[in-house]
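Structure file final-v4.pdb with PDB, C-alpha atoms:
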```pdb
ATOM      1  CA  MET A   1       8.493  -4.675   2.145
ATOM      2  CA  VAL A   2       7.822  -2.374  -0.758
ATOM      3  CA  SER A   3      10.387  -0.253  -2.534
ATOM      4  CA  ALA A   4       9.513   3.383  -1.848
ATOM      5  CA  ASN A   5      11.160   4.415  -5.121
ATOM      6  CA  ARG A   6       8.706   2.300  -7.122
ATOM      7  CA  MET A   7       5.485   3.664  -5.570
ATOM      8  CA  ILE A   8       3.563   6.307  -7.479
ATOM      9  CA  ALA A   9       0.338   6.528  -5.430
ATOM     10  CA  ILE A  10      -1.234   5.639  -2.094
ATOM     11  CA  ILE A  11      -5.010   5.345  -2.377
ATOM     12  CA  SER A  12      -7.896   4.611  -0.030
ATOM     13  CA  PRO A  13      -9.622   1.325  -0.994
ATOM     14  CA  GLU A  14     -13.178   2.541  -0.309
ATOM     15  CA  SER A  15     -14.323   3.997  -3.643
ATOM     16  CA  ALA A  16     -15.956   2.005  -6.438
ATOM     17  CA  PRO A  17     -13.331   2.972  -9.080
ATOM     18  CA  ILE A  18     -10.530   1.699  -6.831
ATOM     19  CA  LYS A  19     -12.430  -1.543  -6.187
ATOM     20  CA  ARG A  20     -12.746  -1.981  -9.981
ATOM     21  CA  MET A  21      -9.037  -1.270 -10.392
ATOM     22  CA  ILE A  22      -8.247  -3.939  -7.769
ATOM     23  CA  GLN A  23     -10.483  -6.465  -9.551
ATOM     24  CA  GLU A  24      -8.883  -5.699 -12.927
ATOM     25  CA  ALA A  25      -5.395  -6.097 -11.440
ATOM     26  CA  ARG A  26      -6.451  -9.419  -9.907
ATOM     27  CA  GLU A  27      -7.691 -10.655 -13.307
ATOM     28  CA  LYS A  28      -4.447  -9.570 -15.023
ATOM     29  CA  GLY A  29      -2.235 -11.151 -12.341
ATOM     30  CA  MET A  30      -0.910  -7.734 -11.314
ATOM     31  CA  LEU A  31      -2.332  -7.740  -7.761
ATOM     32  CA  ILE A  32      -0.106  -8.270  -4.735
ATOM     33  CA  ASP A  33      -2.046  -8.875  -1.527
ATOM     34  CA  ALA A  34       0.299  -7.828   1.265
ATOM     35  CA  SER A  35      -2.515  -7.443   3.795
ATOM     36  CA  CYS A  36      -1.833 -10.913   5.274
ATOM     37  CA  GLY A  37      -5.540 -11.630   5.624
ATOM     38  CA  ARG A  38      -6.280  -8.378   7.426
ATOM     39  CA  ARG A  39      -8.616  -5.623   6.287
ATOM     40  CA  THR A  40      -7.215  -3.599   3.365
ATOM     41  CA  ARG A  41      -6.589  -0.037   4.524
ATOM     42  CA  ALA A  42      -4.475   1.274   1.652
ATOM     43  CA  VAL A  43      -3.857   0.486  -1.991
ATOM     44  CA  LEU A  44      -0.401   1.184  -3.409
ATOM     45  CA  MET A  45       0.219   1.740  -7.103
ATOM     46  CA  SER A  46       3.652   0.920  -8.440
ATOM     47  CA  ASP A  47       5.374   2.244 -11.533
ATOM     48  CA  SER A  48       5.257  -1.269 -13.022
ATOM     49  CA  GLY A  49       1.452  -1.305 -12.929
ATOM     50  CA  HIS A  50       1.222  -3.629  -9.944
ATOM     51  CA  VAL A  51      -1.488  -2.934  -7.388
ATOM     52  CA  ILE A  52      -0.493  -3.717  -3.788
ATOM     53  CA  LEU A  53      -3.027  -4.154  -0.981
ATOM     54  CA  SER A  54      -1.824  -3.131   2.467
ATOM     55  CA  ALA A  55      -3.239  -3.483   5.984
ATOM     56  CA  ILE A  56      -1.372  -0.309   6.950
ATOM     57  CA  GLN A  57      -3.295   2.978   6.804
ATOM     58  CA  SER A  58      -2.362   5.355   4.020
ATOM     59  CA  GLU A  59      -1.437   8.107   6.508
ATOM     60  CA  THR A  60       1.049   5.777   8.209
ATOM     61  CA  ILE A  61       2.633   4.868   4.878
ATOM     62  CA  ALA A  62       2.852   8.537   3.898
ATOM     63  CA  ASN A  63       4.512   9.382   7.234
ATOM     64  CA  ARG A  64       7.042   6.585   6.751
ATOM     65  CA  LEU A  65       7.847   7.840   3.268
ATOM     66  CA  LYS A  66       8.306  11.329   4.682
ATOM     67  CA  ASN A  67      10.676   9.901   7.308
ATOM     68  CA  LEU A  68      12.523   8.045   4.554
ATOM     69  CA  ASP A  69      13.268  11.351   2.850
ATOM     70  CA  GLU A  70      14.491  12.837   6.123
ATOM     71  CA  ASP A  71      16.526   9.796   7.268
ATOM     72  CA  GLY A  72      17.797   8.744   3.878
ATOM     73  CA  GLY A  73      17.988   5.046   4.731
ATOM     74  CA  ALA A  74      15.024   3.694   6.653
ATOM     75  CA  GLU A  75      12.936   0.917   5.136
ATOM     76  CA  LEU A  76       9.187   0.639   4.758
ATOM     77  CA  ASP A  77       8.387  -2.397   6.974
ATOM     78  CA  PRO A  78       4.708  -3.341   7.519
ATOM     79  CA  GLU A  79       5.486  -5.265  10.713
ATOM     80  CA  GLU A  80       6.286  -2.039  12.566
ATOM     81  CA  GLU A  81       2.687  -0.753  12.633
ATOM     82  CA  GLU A  82       0.969  -0.914  15.977
ATOM     83  CA  GLU A  83      -2.545  -2.331  16.255
ATOM     84  CA  GLU A  84      -5.214   0.355  16.368
TER      85      GLU A  84
END
```

Go ahead and express the file in the form of structure tokens.
Amino acid sequence: MVSANRMIAIISPESAPIKRMIQEAREKGMLIDASCGRRTRAVLMSDSGHVILSAIQSETIANRLKNLDEDGGAELDPEEEEEE
């Protein structure tokens, strides 16, 4: 799980600048691979400078964050995503 309060950006992993950012984070030891061996579908930036790779699509994460604001207590759990 990732703390929603610590996230500052949700980015698509497709562009060359994001791929460079991922590589730089890997070299600095600031990369967290939470994709569990699956294809990376979203890259999360945290306020601490950590880069988190996720197998969950960015739209799904954004919707969960929106629901967090509405519910006021739900957690962001990657195991809840259905296979597409």

query: Quick one: distance from atom CA of A:Asp47 to atom CA of A:Ile32 in Å, one decimal?
result: 13.7 Å

- request: Can you work out which one of A:Ser54, A:Leu44, A:Asp71, A:Ala34 has the shortest atom-to-atom distance to A:Ile10, counting all atoms listed in the file?
  value: A:Leu44

query: What gap, in Å, lies between atom CA of A:Leu53 and atom CA of A:Asp33?
result: 4.9 Å

- prompt: Between A:Gly37, A:Glu14, A:Met1, A:Arg6, which is the closest to A:Gly49 once you count all atoms listed in the file?
  reply: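 Between A:Gly37, A:Glu14, A:Met1, A:Arg6, the residue approaching A:Gly49 most closely is A:Arg6.
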
Give me the box for stretch 38-53 of chain A as AutoDock Vina command-line options, namely the centre and edge lengths in Å to one decimal of a box along x, y and z that holds every listed atom plus 5 Å on each side.
```
--center_x -1.6 --center_y -3.1 --center_z -2.8 --size_x 24.0 --size_y 20.6 --size_z 30.4
```

- request: Give me, please, the distance in Å between atom CA of A:Ser48 and atom CA of A:Ala4, quoted to one decimal.
  value: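 Going from atom CA of A:Ser48 over to atom CA of A:Ala4, I get 12.8 Å.
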
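Shortest atom-to-atom contact with A:His50 among A:Ala62, A:Glu70, A:Val2, A:Arg38: A:Val2, counting only C-alpha atoms.
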
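Nearest to A:Ala25 of all the residues A:Ile52, A:Pro13, A:Ala42, A:Ile8 is A:Ile52, counting only C-alpha atoms.
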
Generate the coordinates of N, CA, C and O atoms for stretch 50-72 of chain A; report them as an mmCIF file, keeping the file's coordinate frame.
```cif
data_model
loop_
_atom_site.group_PDB
_atom_site.id
_atom_site.type_symbol
_atom_site.label_atom_id
_atom_site.label_comp_id
_atom_site.auth_asym_id
_atom_site.auth_seq_id
_atom_site.Cartn_x
_atom_site.Cartn_y
_atom_site.Cartn_z
ATOM 1 N N HIS A 50 1.708 -2.749 -10.999
ATOM 2 C CA HIS A 50 1.222 -3.629 -9.944
ATOM 3 C C HIS A 50 0.385 -2.837 -8.942
ATOM 4 O O HIS A 50 0.663 -1.673 -8.670
ATOM 5 N N VAL A 51 -0.633 -3.501 -8.415
ATOM 6 C CA VAL A 51 -1.488 -2.934 -7.388
ATOM 7 C C VAL A 51 -1.224 -3.741 -6.118
ATOM 8 O O VAL A 51 -1.315 -4.965 -6.124
ATOM 9 N N ILE A 52 -0.875 -3.054 -5.031
ATOM 10 C CA ILE A 52 -0.493 -3.717 -3.788
ATOM 11 C C ILE A 52 -1.508 -3.352 -2.710
ATOM 12 O O ILE A 52 -1.759 -2.170 -2.467
ATOM 13 N N LEU A 53 -2.089 -4.369 -2.074
ATOM 14 C CA LEU A 53 -3.027 -4.154 -0.981
ATOM 15 C C LEU A 53 -2.263 -4.199 0.333
ATOM 16 O O LEU A 53 -1.450 -5.095 0.555
ATOM 17 N N SER A 54 -2.531 -3.235 1.199
ATOM 18 C CA SER A 54 -1.824 -3.131 2.467
ATOM 19 C C SER A 54 -2.800 -3.008 3.628
ATOM 20 O O SER A 54 -3.846 -2.366 3.507
ATOM 21 N N ALA A 55 -2.440 -3.606 4.770
ATOM 22 C CA ALA A 55 -3.239 -3.483 5.984
ATOM 23 C C ALA A 55 -2.835 -2.236 6.773
ATOM 24 O O ALA A 55 -3.439 -1.927 7.792
ATOM 25 N N ILE A 56 -1.846 -1.530 6.292
ATOM 26 C CA ILE A 56 -1.372 -0.309 6.950
ATOM 27 C C ILE A 56 -2.147 0.878 6.384
ATOM 28 O O ILE A 56 -2.369 0.977 5.186
ATOM 29 N N GLN A 57 -2.546 1.806 7.254
ATOM 30 C CA GLN A 57 -3.295 2.978 6.804
ATOM 31 C C GLN A 57 -2.426 3.864 5.913
ATOM 32 O O GLN A 57 -1.211 3.951 6.078
ATOM 33 N N SER A 58 -3.090 4.521 4.975
ATOM 34 C CA SER A 58 -2.362 5.355 4.020
ATOM 35 C C SER A 58 -1.594 6.483 4.704
ATOM 36 O O SER A 58 -0.501 6.839 4.270
ATOM 37 N N GLU A 59 -2.132 7.037 5.780
ATOM 38 C CA GLU A 59 -1.437 8.107 6.508
ATOM 39 C C GLU A 59 -0.130 7.596 7.110
ATOM 40 O O GLU A 59 0.885 8.290 7.110
ATOM 41 N N THR A 60 -0.156 6.370 7.627
ATOM 42 C CA THR A 60 1.049 5.777 8.209
ATOM 43 C C THR A 60 2.106 5.565 7.140
ATOM 44 O O THR A 60 3.286 5.866 7.345
ATOM 45 N N ILE A 61 1.690 5.074 5.985
ATOM 46 C CA ILE A 61 2.633 4.868 4.878
ATOM 47 C C ILE A 61 3.219 6.198 4.435
ATOM 48 O O ILE A 61 4.430 6.322 4.229
ATOM 49 N N ALA A 62 2.371 7.211 4.312
ATOM 50 C CA ALA A 62 2.852 8.537 3.898
ATOM 51 C C ALA A 62 3.852 9.088 4.907
ATOM 52 O O ALA A 62 4.878 9.663 4.520
ATOM 53 N N ASN A 63 3.579 8.912 6.202
ATOM 54 C CA ASN A 63 4.512 9.382 7.234
ATOM 55 C C ASN A 63 5.841 8.642 7.150
ATOM 56 O O ASN A 63 6.897 9.244 7.325
ATOM 57 N N ARG A 64 5.797 7.354 6.876
ATOM 58 C CA ARG A 64 7.042 6.585 6.751
ATOM 59 C C ARG A 64 7.843 7.033 5.535
ATOM 60 O O ARG A 64 9.069 7.091 5.584
ATOM 61 N N LEU A 65 7.144 7.333 4.445
ATOM 62 C CA LEU A 65 7.847 7.840 3.268
ATOM 63 C C LEU A 65 8.479 9.194 3.555
ATOM 64 O O LEU A 65 9.588 9.475 3.104
ATOM 65 N N LYS A 66 7.767 10.021 4.295
ATOM 66 C CA LYS A 66 8.306 11.329 4.682
ATOM 67 C C LYS A 66 9.563 11.138 5.533
ATOM 68 O O LYS A 66 10.571 11.815 5.324
ATOM 69 N N ASN A 67 9.514 10.192 6.467
ATOM 70 C CA ASN A 67 10.676 9.901 7.308
ATOM 71 C C ASN A 67 11.819 9.327 6.486
ATOM 72 O O ASN A 67 12.980 9.568 6.794
ATOM 73 N N LEU A 68 11.500 8.571 5.445
ATOM 74 C CA LEU A 68 12.523 8.045 4.554
ATOM 75 C C LEU A 68 13.320 9.172 3.920
ATOM 76 O O LEU A 68 14.538 9.123 3.839
ATOM 77 N N ASP A 69 12.605 10.204 3.459
ATOM 78 C CA ASP A 69 13.268 11.351 2.850
ATOM 79 C C ASP A 69 14.172 12.058 3.851
ATOM 80 O O ASP A 69 15.264 12.495 3.514
ATOM 81 N N GLU A 70 13.711 12.147 5.098
ATOM 82 C CA GLU A 70 14.491 12.837 6.123
ATOM 83 C C GLU A 70 15.677 12.004 6.592
ATOM 84 O O GLU A 70 16.757 12.519 6.802
ATOM 85 N N ASP A 71 15.476 10.679 6.761
ATOM 86 C CA ASP A 71 16.526 9.796 7.268
ATOM 87 C C ASP A 71 17.498 9.382 6.175
ATOM 88 O O ASP A 71 18.682 9.222 6.418
ATOM 89 N N GLY A 72 16.957 9.156 4.988
ATOM 90 C CA GLY A 72 17.797 8.744 3.878
ATOM 91 C C GLY A 72 18.220 7.292 3.907
ATOM 92 O O GLY A 72 19.104 6.894 3.182
#
```
